Amino acid sequence: MKKREFLKKSSLFAASTAVIPAVTFSCKEKEKKTILKAKERIRTAHIGVGNMGAEDLRDISSHAKVDVVALCDVDSNKLKEAAEKHPNAKLYADYRKMLNEMADEIDAVIVSTPDHTHAPASLMAMNLDKPVYCQKPLTHHVSEARQMRKLAKEKNLVTQMGIQVHSFYDYMLATLLIQSGIIGKVHTVHAWSPKNWGYDGPAPEGNDPVPENLDWNLWLGTSAERPYKNDIYHPGNWRKLVDYGCGTLGDMGVHIFDTPYNALALDVPKTITNNCREPNGFGFPENNVVTYQFPGTKYTTDEFKWIWYDGPGAPENHEDLVLPNAVASAESSPQEDESMEDKIALDAKVAEEGKLPEQGAMFVGEKGRLLLPHFMQLPMKIVDGEYVDISAEIAAVEKANNMGAPNRDYASEGPKHYHQFIDACLGKDEVTAPFSYAARLTETILLGVIAGRFPNKTLHWNNETAQFDEEEANQYLDAPYREF
């Protein structure tokens with residue numbers, strides 16, 4: 001079933017969702033949004049309340065002006081846990097039913113589902129003129145990202161993608177330092193995460209009984225029908241699988257891409273190459289090295305390259321990543337023994353002297369390098385193999401932008417991105433990761449995911465037509481919606 005038919009069947013189709021030509025936006029743009037007039041409080045509905053959804057619910061509801069009126073989850077155990085904290089909320093398993101029945105009682109919708117349901121749920125809410133906060137990556141397919149960007153613009157809605165570190169002090173500082181020219185024009189960015197949201201094994205055979213607490217049909221949603229298997233899909237492992245997630249690139253890549261992408265005012269790439277294993281049709285590769293070529297901006301050289309590394313052992317050795325007093329690191333996988341909480345956690349891990357941070361980005365410019373650990377750590381400048389004191393530059397940027405004192409307490413910093421969305425709904429603030437920005441960032445990520453289906457082959461992306469020059473790759477820009 002096509003998306004248009006899906007939305008019509010849900011009685012919520014209100015606008016065209018055709019793929020649109022590229023338009024350059026800034027995530028800092030000042031747009032007058034449709035705010036909720038005469039509202040002193042915001043009534044929120046939450047789609048997906050387990051794992052990351054539970055964190056989203058916690059931080060949205062911590063805003064003093066929020067009333068949680070509806071909770072939706074396909075897992076009755078997760079729904080029960082959430083309901084215990086919000087006993088006045090109405091409970092649903094099917095987001096379509098919730099949106100249809102409670103349209104007049106909901107002011108904003110929070111979407112925290114597996115990736116394949118981000119767009120279907122968000123588009124339905126947006127067609128009801130509801131502001132939407134949607135977890136990253138914004139969508140599962142490139143076509144959906146363009147649709148959501150277009151609809152948000154047409155309806156002038158407040159929107160925010162869930163990249164909460166976007167609002168953190170050190171990331172804002174790095175953006176301002178790069179734009180101030182601290183290392184000159186940037187010609188290369190290296191970014192990495194050793195997390196392993198891939199799966200190189202075979203697809204499972206047979207099926208298992210569906211747990212009583214899980215509505216498997218609703219979990220599958222618009223994706224293709226597939227038999228249930230224990231510990232393969234729910235909870236959490238869906239990120240590894242091509243039908244439901246976007247791999248490590250779509251998980252940690254969105255967070256780590258965000259600051260360089262924003263700081264350098266990038267649009268979508270011209271070419272993409274993924275050095276990885278051959279596709280198996282079920283799981284994403286466990287190791288990827290994705291090379292993007294972007295059009296130049298005022299902050300980059302004319303030829304600008306971005307290299308992403310993920311999976312066990314990432315990043316690969318490269319002269320741009322050699323630190324002062326460098327110490328070799330043994331390859332390891334942080335994934336195998338981690339709990340689900342650890343896998344989705346953003347906790348900062350401070351590296352030993354001479355070692356790269358476990359996750360991060362390195363800007364390489366005309367006047368040196370800038371290392372940005374992920375996250376809640378100051379960026380560090382390196383020139384001619386030595387660290388350079390940039391305290392004066394940091395102080396100047398802080399003063400010029402009224403940044404105040406740094407705060408590296410995640411418990412207090414984490415809710416800021418969520419509260420910014422609620423305040424924007426009330427007309428008291430502006431979002432910094434609206435869909436006009438988030439859709440472009442997501443599109444960039446997803447193009448790298450698609451390139452993984454064509455190992456070591458360079459794909460050429462046409463931003464105006466939203467098509468690859470390589471016709472065989474265009475089939476992965478979209479997927480039919482299953483009727484469920």
# chains A, B, ... in the order shown; residues from 1 in each chain; ligands from 1
>>> residues_around(residues="Tyr228 (chain A)", least_positions_apart="4", cutoff="10 Å", atoms="only C-alpha atoms", output="PyMOL selection string")
chain A and resi 204+206-211+216-217+220+232-234
>>> write_last_selection(atoms="all heavy atoms", output="compact mmCIF listing (two decimals), in the first residue's frame")
# COMPACT_ATOMS: atom_id res chain seq x y z
N PRO A 204 16.83 -15.56 10.83
CA PRO A 204 16.36 -16.70 11.64
C PRO A 204 15.35 -17.55 10.87
O PRO A 204 14.66 -17.06 9.96
CB PRO A 204 15.70 -16.01 12.83
CG PRO A 204 15.25 -14.69 12.31
CD PRO A 204 16.30 -14.28 11.33
N GLY A 206 12.03 -20.34 11.03
CA GLY A 206 10.90 -20.73 11.86
C GLY A 206 10.27 -19.56 12.57
O GLY A 206 10.47 -18.39 12.20
N ASN A 207 9.49 -19.85 13.58
CA ASN A 207 8.83 -18.81 14.35
C ASN A 207 8.61 -19.27 15.78
O ASN A 207 8.65 -20.46 16.08
CB ASN A 207 7.50 -18.43 13.70
CG ASN A 207 6.52 -19.59 13.68
OD1 ASN A 207 6.62 -20.50 12.85
ND2 ASN A 207 5.57 -19.58 14.61
N ASP A 208 8.39 -18.30 16.67
CA ASP A 208 8.12 -18.57 18.07
C ASP A 208 6.76 -17.99 18.43
O ASP A 208 6.26 -17.08 17.76
CB ASP A 208 9.19 -17.91 18.95
CG ASP A 208 10.56 -18.55 18.76
OD1 ASP A 208 10.61 -19.78 18.61
OD2 ASP A 208 11.56 -17.80 18.77
N PRO A 209 6.13 -18.50 19.50
CA PRO A 209 4.87 -17.91 19.94
C PRO A 209 5.06 -16.45 20.30
O PRO A 209 6.05 -16.07 20.94
CB PRO A 209 4.52 -18.74 21.18
CG PRO A 209 5.28 -20.01 21.03
CD PRO A 209 6.54 -19.65 20.31
N VAL A 210 4.14 -15.62 19.90
CA VAL A 210 4.21 -14.20 20.23
C VAL A 210 3.86 -14.02 21.71
O VAL A 210 2.85 -14.55 22.18
CB VAL A 210 3.23 -13.38 19.36
CG1 VAL A 210 3.27 -11.90 19.76
CG2 VAL A 210 3.56 -13.54 17.88
N PRO A 211 4.67 -13.31 22.48
CA PRO A 211 4.36 -13.09 23.90
C PRO A 211 3.00 -12.42 24.07
O PRO A 211 2.58 -11.61 23.24
CB PRO A 211 5.49 -12.16 24.36
CG PRO A 211 6.60 -12.39 23.40
CD PRO A 211 5.95 -12.67 22.08
N TRP A 216 2.07 -8.20 17.88
CA TRP A 216 3.08 -8.30 16.82
C TRP A 216 2.64 -7.60 15.54
O TRP A 216 3.46 -6.96 14.87
CB TRP A 216 3.39 -9.76 16.57
CG TRP A 216 4.43 -10.04 15.52
CD1 TRP A 216 4.28 -10.82 14.41
CD2 TRP A 216 5.78 -9.56 15.48
NE1 TRP A 216 5.43 -10.87 13.68
CE2 TRP A 216 6.38 -10.10 14.32
CE3 TRP A 216 6.53 -8.74 16.31
CZ2 TRP A 216 7.70 -9.82 13.97
CZ3 TRP A 216 7.85 -8.46 15.96
CH2 TRP A 216 8.42 -8.99 14.81
N ASN A 217 1.37 -7.68 15.20
CA ASN A 217 0.87 -7.02 14.00
C ASN A 217 1.07 -5.50 14.10
O ASN A 217 1.52 -4.86 13.15
CB ASN A 217 -0.61 -7.33 13.80
CG ASN A 217 -1.19 -6.60 12.61
OD1 ASN A 217 -0.74 -6.76 11.48
ND2 ASN A 217 -2.20 -5.77 12.85
N LEU A 220 4.83 -4.60 13.82
CA LEU A 220 5.26 -4.57 12.41
C LEU A 220 4.75 -3.33 11.71
O LEU A 220 5.44 -2.75 10.86
CB LEU A 220 4.76 -5.82 11.69
CG LEU A 220 5.44 -7.13 12.04
CD1 LEU A 220 4.68 -8.30 11.42
CD2 LEU A 220 6.90 -7.15 11.59
N ILE A 232 15.02 -11.41 18.60
CA ILE A 232 15.52 -10.96 17.30
C ILE A 232 15.07 -9.53 16.99
O ILE A 232 15.85 -8.72 16.49
CB ILE A 232 15.06 -11.90 16.17
CG1 ILE A 232 15.60 -13.32 16.41
CG2 ILE A 232 15.51 -11.38 14.81
CD1 ILE A 232 17.11 -13.43 16.35
N TYR A 233 13.85 -9.20 17.32
CA TYR A 233 13.27 -7.92 16.95
C TYR A 233 12.99 -7.01 18.15
O TYR A 233 13.48 -5.88 18.22
CB TYR A 233 11.98 -8.12 16.16
CG TYR A 233 12.12 -9.11 15.02
CD1 TYR A 233 11.65 -10.41 15.13
CD2 TYR A 233 12.74 -8.72 13.83
CE1 TYR A 233 11.79 -11.31 14.08
CE2 TYR A 233 12.88 -9.61 12.78
CZ TYR A 233 12.41 -10.91 12.91
OH TYR A 233 12.55 -11.79 11.88
N HIS A 234 12.18 -7.51 19.05
CA HIS A 234 11.71 -6.70 20.18
C HIS A 234 12.15 -7.34 21.49
O HIS A 234 12.05 -8.57 21.64
CB HIS A 234 10.16 -6.64 20.13
CG HIS A 234 9.55 -5.95 21.32
ND1 HIS A 234 9.53 -4.58 21.43
CD2 HIS A 234 8.92 -6.44 22.42
CE1 HIS A 234 8.92 -4.26 22.56
NE2 HIS A 234 8.55 -5.37 23.18
>>> residues_around(residues="Asp429 (chain A)", least_positions_apart="5", cutoff="7 Å", atoms="only C-alpha atoms", output="PDB file with N, CA, C and O atoms, in the first residue's frame")
ATOM      1  N   GLN A 420      12.516  22.831  25.230  1.00  0.00           N
ATOM      2  CA  GLN A 420      12.539  23.801  24.135  1.00  0.00           C
ATOM      3  C   GLN A 420      11.367  23.566  23.187  1.00  0.00           C
ATOM      4  O   GLN A 420      10.721  24.515  22.733  1.00  0.00           O
ATOM      5  N   ASP A 423       8.140  24.694  24.971  1.00  0.00           N
ATOM      6  CA  ASP A 423       8.102  26.160  25.002  1.00  0.00           C
ATOM      7  C   ASP A 423       7.806  26.743  23.629  1.00  0.00           C
ATOM      8  O   ASP A 423       7.117  27.762  23.508  1.00  0.00           O
ATOM      9  N   ALA A 424       8.315  26.096  22.577  1.00  0.00           N
ATOM     10  CA  ALA A 424       8.021  26.553  21.216  1.00  0.00           C
ATOM     11  C   ALA A 424       6.536  26.369  20.901  1.00  0.00           C
ATOM     12  O   ALA A 424       5.927  27.209  20.225  1.00  0.00           O
TER      13      ALA A 424
END
>>> residues_around(residues="region 152-169 of chain A", least_positions_apart="6", cutoff="8 Å", atoms="only C-alpha atoms", output="PyMOL selection string")
chain A and resi 32-35+126+129-138+254-255+258-259+375-376+403+406-408+413-418+421+424-425+431-436+438
>>> closest_residue(among="A:Gly313, A:Leu177, A:Pro227, A:Arg453", to="Asn474 (chain A)", atoms="only C-alpha atoms")
A:Arg453
>>> select_by_dssp(residues="region 59-148 of chain A", states="helix (DSSP H, G or I)", output="ChimeraX atom specification")
/A:59-61,76-85,95-101,103-105,115-127,142-148
>>> write_last_selection(atoms="N, CA and C atoms", output="CSV table (one decimal), in the first residue's frame")
chain,number,residue,atom,x,y,z
A,59,ASP,N,11.2,13.2,30.3
A,59,ASP,CA,11.7,14.5,30.1
A,59,ASP,C,10.7,15.5,29.6
A,60,ILE,N,9.8,15.0,28.7
A,60,ILE,CA,8.7,15.9,28.3
A,60,ILE,C,7.8,16.2,29.4
A,61,SER,N,7.4,15.2,30.2
A,61,SER,CA,6.5,15.4,31.3
A,61,SER,C,7.1,16.2,32.5
A,76,SER,N,2.2,-4.3,26.2
A,76,SER,CA,1.3,-3.9,27.3
A,76,SER,C,2.1,-3.8,28.6
A,77,ASN,N,3.3,-4.5,28.7
A,77,ASN,CA,4.1,-4.4,29.9
A,77,ASN,C,4.7,-3.0,30.0
A,78,LYS,N,5.2,-2.5,28.9
A,78,LYS,CA,5.8,-1.1,28.8
A,78,LYS,C,4.7,-0.1,29.1
A,79,LEU,N,3.5,-0.3,28.5
A,79,LEU,CA,2.4,0.6,28.7
A,79,LEU,C,2.0,0.7,30.1
A,80,LYS,N,2.0,-0.5,30.8
A,80,LYS,CA,1.6,-0.5,32.2
A,80,LYS,C,2.6,0.3,33.1
A,81,GLU,N,3.9,0.1,32.8
A,81,GLU,CA,4.9,0.8,33.5
A,81,GLU,C,4.7,2.3,33.4
A,82,ALA,N,4.4,2.8,32.2
A,82,ALA,CA,4.2,4.2,31.9
A,82,ALA,C,3.0,4.7,32.6
A,83,ALA,N,1.9,3.9,32.5
A,83,ALA,CA,0.6,4.3,33.1
A,83,ALA,C,0.7,4.5,34.6
A,84,GLU,N,1.6,3.7,35.3
A,84,GLU,CA,1.8,3.9,36.7
A,84,GLU,C,2.3,5.2,37.1
A,85,LYS,N,3.0,5.9,36.2
A,85,LYS,CA,3.5,7.2,36.5
A,85,LYS,C,2.6,8.3,36.0
A,95,TYR,N,-1.7,3.5,17.6
A,95,TYR,CA,-1.7,5.0,17.5
A,95,TYR,C,-2.7,5.6,16.6
A,96,ARG,N,-3.2,4.8,15.6
A,96,ARG,CA,-4.2,5.3,14.7
A,96,ARG,C,-5.5,5.5,15.5
A,97,LYS,N,-5.8,4.6,16.3
A,97,LYS,CA,-7.1,4.7,17.1
A,97,LYS,C,-6.9,5.9,18.1
A,98,MET,N,-5.8,6.0,18.7
A,98,MET,CA,-5.6,7.1,19.6
A,98,MET,C,-5.7,8.5,19.0
A,99,LEU,N,-5.1,8.6,17.8
A,99,LEU,CA,-5.1,9.9,17.1
A,99,LEU,C,-6.5,10.2,16.6
A,100,ASN,N,-7.2,9.2,16.1
A,100,ASN,CA,-8.6,9.5,15.7
A,100,ASN,C,-9.6,9.8,16.8
A,101,GLU,N,-9.4,9.1,17.9
A,101,GLU,CA,-10.4,9.3,19.0
A,101,GLU,C,-10.1,10.5,19.9
A,103,ALA,N,-8.2,13.4,18.9
A,103,ALA,CA,-7.7,14.5,18.1
A,103,ALA,C,-7.9,15.8,18.8
A,104,ASP,N,-9.1,16.0,19.4
A,104,ASP,CA,-9.5,17.3,20.0
A,104,ASP,C,-8.9,17.4,21.4
A,105,GLU,N,-8.3,16.4,21.9
A,105,GLU,CA,-7.8,16.4,23.3
A,105,GLU,C,-6.3,16.4,23.4
A,115,ASP,N,12.3,2.8,14.2
A,115,ASP,CA,12.5,3.7,13.1
A,115,ASP,C,11.4,3.6,12.0
A,116,HIS,N,11.0,2.3,11.7
A,116,HIS,CA,10.1,2.1,10.6
A,116,HIS,C,8.7,2.7,10.9
A,117,THR,N,8.4,3.1,12.1
A,117,THR,CA,7.1,3.7,12.4
A,117,THR,C,7.2,5.2,12.6
A,118,HIS,N,8.4,5.8,12.6
A,118,HIS,CA,8.5,7.2,12.8
A,118,HIS,C,7.6,8.0,11.9
A,119,ALA,N,7.8,7.8,10.6
A,119,ALA,CA,7.1,8.6,9.6
A,119,ALA,C,5.6,8.3,9.6
A,120,PRO,N,5.1,7.0,9.5
A,120,PRO,CA,3.7,6.8,9.5
A,120,PRO,C,3.0,7.5,10.7
A,121,ALA,N,3.5,7.4,11.9
A,121,ALA,CA,2.9,8.0,13.1
A,121,ALA,C,3.0,9.5,13.0
A,122,SER,N,4.1,10.0,12.6
A,122,SER,CA,4.3,11.5,12.6
A,122,SER,C,3.5,12.1,11.6
A,123,LEU,N,3.4,11.6,10.4
A,123,LEU,CA,2.6,12.1,9.3
A,123,LEU,C,1.1,12.2,9.7
A,124,MET,N,0.6,11.2,10.3
A,124,MET,CA,-0.7,11.2,10.8
A,124,MET,C,-1.0,12.3,11.7
A,125,ALA,N,-0.1,12.5,12.7
A,125,ALA,CA,-0.3,13.5,13.7
A,125,ALA,C,-0.2,14.9,13.0
A,126,MET,N,0.8,15.1,12.1
A,126,MET,CA,1.0,16.4,11.5
A,126,MET,C,-0.2,16.7,10.6
A,127,ASN,N,-0.8,15.7,10.0
A,127,ASN,CA,-2.0,16.0,9.2
A,127,ASN,C,-3.2,16.4,10.0
A,142,VAL,N,14.4,7.8,2.7
A,142,VAL,CA,14.6,9.1,2.3
A,142,VAL,C,13.3,9.8,1.8
A,143,SER,N,12.5,9.1,1.1
A,143,SER,CA,11.2,9.7,0.7
A,143,SER,C,10.4,10.2,1.8
A,144,GLU,N,10.4,9.5,3.0
A,144,GLU,CA,9.6,9.9,4.1
A,144,GLU,C,10.2,11.2,4.7
A,145,ALA,N,11.5,11.3,4.7
A,145,ALA,CA,12.2,12.5,5.3
A,145,ALA,C,11.7,13.8,4.5
A,146,ARG,N,11.7,13.6,3.2
A,146,ARG,CA,11.3,14.7,2.3
A,146,ARG,C,9.8,15.1,2.5
A,147,GLN,N,9.0,14.0,2.7
A,147,GLN,CA,7.5,14.2,3.0
A,147,GLN,C,7.3,15.0,4.3
A,148,MET,N,8.0,14.6,5.3
A,148,MET,CA,7.8,15.2,6.6
A,148,MET,C,8.3,16.6,6.6
>>> closest_residue(among="A:Ile182, A:Met380, A:Leu151, A:Leu57", to="Lys367 (chain A)", atoms="only C-alpha atoms")
A:Ile182
>>> residues_around(residues="Gly253 (chain A)", least_positions_apart="4", cutoff="10 Å", atoms="only C-alpha atoms", output="PyMOL selection string")
chain A and resi 136-137+191-193+246-249+257-258+308-310+359-360+442+445
>>> atom_distance(atom1="CA of Glu386 (chain A)", atom2="CA of Phe304 (chain A)")
24.2 Å
